[in-house]
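Everything on this sheet refers to the single structure shown next.
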Amino acid sequence: MRISPLNRSRLLRTALIVLPGILLLAVSRHHRRPVPTALPETAPNVQPVTLPELLLPVPEPERGLRITFPTPQTALHDLENPDVFMPTASGRVISAHYGSTRTNAAGRATFHEGVDIGPTRRDRRGHALDEIFAVADGQIAYINRIAGNSTYGIYVVLTHDEEDFGTYYTLYAHLGSVPRDLRNGQSVQRGDVIGIMGHTSSFNIPPQRAHLHFEVGMILNRHFAVWYRGKQRTPDHGTYHGHNLNGLNPLRLLRNLDPENDNARFSIAEALEETQTAFTLALHAPGQLDYFLRHPTLWEGPPFTGGVMVLDLCEAGTPLRGRAATAEEAQNVTRARPAVLEVDTAVLGRNGRRQIQRSGNAWQPTPAGLEHLEILTFRAGR
């Protein structure tokens with residue numbers, strides 16, 4: 001097709017007008033185009049972290065050890081059932097529970113430091129057949145194989161180590177037998193058989209009331225055996241005499257168990273945090289107690305080098321926490337004369353342990369309470 005000189009002139013003018021605009025648009029688009037960021041060759045599959053993911057809470061690690069049932073009985077939430085918790089001769093199921101749940105012949109409350117779990121199976125003679133299991137990984141601390149030299153009868157004490165806290169114990173009493181190959185110092189795993197339920201004791205427990213007396217709690221003093229031998233008392237159970245073992249309510253452990261959940265846990269540190277203070281004492285101590293040296297997280301404030309300290313204790317006398325006394329709290333406290341600073345009568349309840357008692361308008365330590373404090377403050381070789 002031929003283009004006339006006039007049309008050629010018009011096309012040239014149009015091109016000179018339009019072409020610069022096209023070039024400017026292309027340059028601007030080039031500068032707006034995003035430049036991709038190359039990932040390092042060493043991490044070709046790294047995915048970018050979005051802001052919502054960064055804001056998600058980090059779950060706290062679970063505290064305590066994994067636990068299991070101490071016997072084949074798994075209905076431990078049925079607290080009023082006499083087929084689950086073995087009552088005393090009174091027939092009152094509450095007598096199988098922890099605390100000031102029993103009454104002696106004089107009509108006074110007495111303290112029960114564990115729970116009594118009844119059997120699920122018996123033989124033709126009515127004797128219990130239930131196996132007894134270690135509730136958590138631990139170590140055989142002590143075995144008493146002589147039925148008549150303890151109110152616990154044949155009993156086993158296990159120790160368990162909780163990270164960032166220290167050692168606590170579980171106790172299994174009134175056993176019928178203990179495996180012959182079980183030895184002090186031996187490691188055990190959660191669920192290992194450590195005995196057979198029975199009715200052994202230094203007092204008479206009839207076969208129909210066979211049960212496991214189960215405790216969980218704190219060891220008061222590593223030097224107890226030295227103190228006890230100095231008193232020339234018998235029988236000698238070393239560190240694991242009942243006077244040196246202070247129980248917390250075992251239901252704090254047992255309530256966590258579920259036959260449908262094999263990952264139940266128990267933390268003794270949490271149990272102590274949850275336990276209410278029954279009374280507070282001020283007492284003189286020559287230095288830091290062995291109890292707080294083993295469990296420093298229970299001590300509040302600066303290191304203790306001697307003088308007067310304050311203890312918060314539960315109804316059983318287990319120390320829940322300690323600190324140095326203020327000048328006001330230390331007034332009138334001597335080596336021989338501790339002072340009761342506060343009492344929560346609702347928590348103390350029937351006061352079956354009777355480590356303190358009311359005298360007129362004031363509370364004072366009893367002889368049993370003074371001995372309890374003597375055990376706590378004893379320092380071997382000093």
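Following the order of the structure tokens, chains are lettered A, B, ..., residues in each are numbered from 1, and ligands are numbered from 1.
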
For Gly306 in chain A, please output as a list in words all residues within 6 Å (counting only C-alpha atoms; exclusion window: fewer than 5 positions along the same chain). Ala285, Pro286 and Gly287 of chain A

If you run DSSP over the backbone, which residues in range 123-357 of chain A end up helix (DSSP H, G or I)? Put them as a PyMOL selection string. chain A and resi 147-149+207-209+224-230+238-240+242-244+251-254+268-274+290-294+296-298+327-330+345-348

Restricting it to C-alpha atoms, dump the selection as a compact mmCIF listing (two decimals), in the first residue's frame.
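Below is the file that was written, out11.txt:
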```txt
# COMPACT_ATOMS: atom_id res chain seq x y z
CA ALA A 147 5.35 -56.90 111.37
CA GLY A 148 5.36 -56.39 115.12
CA ASN A 149 7.92 -53.59 115.53
CA PRO A 207 -8.18 -59.78 108.16
CA GLN A 208 -11.58 -58.39 107.19
CA ARG A 209 -10.16 -54.88 107.65
CA PHE A 224 16.90 -37.90 112.63
CA ALA A 225 18.54 -41.30 113.24
CA VAL A 226 21.31 -39.63 115.28
CA TRP A 227 18.74 -37.71 117.32
CA TYR A 228 16.62 -40.85 117.88
CA ARG A 229 19.54 -43.00 118.98
CA GLY A 230 20.61 -40.23 121.33
CA GLY A 238 16.70 -44.95 110.90
CA THR A 239 15.64 -41.91 108.91
CA TYR A 240 12.29 -43.51 108.00
CA GLY A 242 7.13 -42.30 111.44
CA HIS A 243 8.15 -39.37 113.69
CA ASN A 244 10.42 -38.12 110.89
CA LEU A 251 -5.88 -37.13 98.05
CA ARG A 252 -3.80 -34.34 96.49
CA LEU A 253 -2.03 -37.12 94.60
CA LEU A 254 -4.87 -39.62 94.24
CA ILE A 268 4.81 -32.18 95.74
CA ALA A 269 5.78 -28.52 95.31
CA GLU A 270 2.28 -27.71 94.05
CA ALA A 271 0.74 -29.76 96.89
CA LEU A 272 2.64 -27.69 99.46
CA GLU A 273 1.58 -24.46 97.73
CA GLU A 274 -2.07 -25.56 97.89
CA ASP A 290 18.27 -29.21 107.21
CA TYR A 291 14.68 -29.13 105.87
CA PHE A 292 15.24 -25.83 104.05
CA LEU A 293 18.74 -26.78 102.92
CA ARG A 294 17.09 -29.65 101.03
CA PRO A 296 15.46 -24.00 99.44
CA THR A 297 12.43 -22.89 97.39
CA LEU A 298 10.36 -23.09 100.62
CA ALA A 327 12.17 -7.80 115.52
CA GLU A 328 8.61 -7.71 116.80
CA GLU A 329 8.04 -11.43 116.10
CA ALA A 330 11.31 -12.34 117.82
CA THR A 345 -8.85 -22.64 113.90
CA ALA A 346 -10.90 -23.49 110.81
CA VAL A 347 -7.88 -25.17 109.21
CA LEU A 348 -6.65 -26.69 112.47
```

Give me the residues near Leu79 in chain A as a ChimeraX atom specification, where near means some atom within 9 Å (using only C-alpha atoms) and where sequence neighbours in that chain fewer than 3 positions away do not count. /A:75-76,82,84-85,93-94,97

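In this model, the gap between CA of Arg265 in chain A and CA of Leu65 in chain A comes to 5.3 Å.
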
From the options A:His284, A:His213, A:Arg63, A:Arg321, which residue's atoms come nearest to Glu162 in chain A, counting only C-alpha atoms? A:Arg63

Which neighbours of Arg108 in chain A fall inside 12 Å, counting only C-alpha atoms, when residues of the same chain fewer than 2 positions from it are skipped, and could you give them as a CSV table (one decimal) with C-alpha atoms, in the first residue's frame?
```
chain,number,residue,atom,x,y,z
A,100,SER,CA,-8.3,-35.4,112.5
A,101,THR,CA,-10.8,-38.0,111.4
A,102,ARG,CA,-10.7,-40.4,114.3
A,103,THR,CA,-11.7,-40.3,118.0
A,104,ASN,CA,-10.0,-42.3,120.7
A,105,ALA,CA,-11.6,-44.0,123.7
A,106,ALA,CA,-11.3,-40.8,125.7
A,110,THR,CA,-6.6,-38.3,116.8
A,111,PHE,CA,-4.7,-37.7,113.6
A,350,ARG,CA,-10.3,-30.9,115.7
A,351,ASN,CA,-6.5,-30.5,116.3
A,352,GLY,CA,-5.9,-34.3,116.4
A,353,ARG,CA,-2.1,-33.9,116.2
A,354,ARG,CA,-2.1,-31.5,119.2
```

Which neighbours of range 129-138 of chain A fall inside 6 Å, counting only C-alpha atoms, when residues of the same chain fewer than 3 positions from it are skipped, and could you give them as a list in words?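 Non-adjacent residues within range: Ile67, Thr68, Phe69, Pro70, Thr71, Pro119, Arg121, Arg122, Thr159, His160, Ser187, Val188, Gln189, Arg190, Gly191, Asp192, Val193, Ile194, Gly195, Ile196 and Met197 of chain A.
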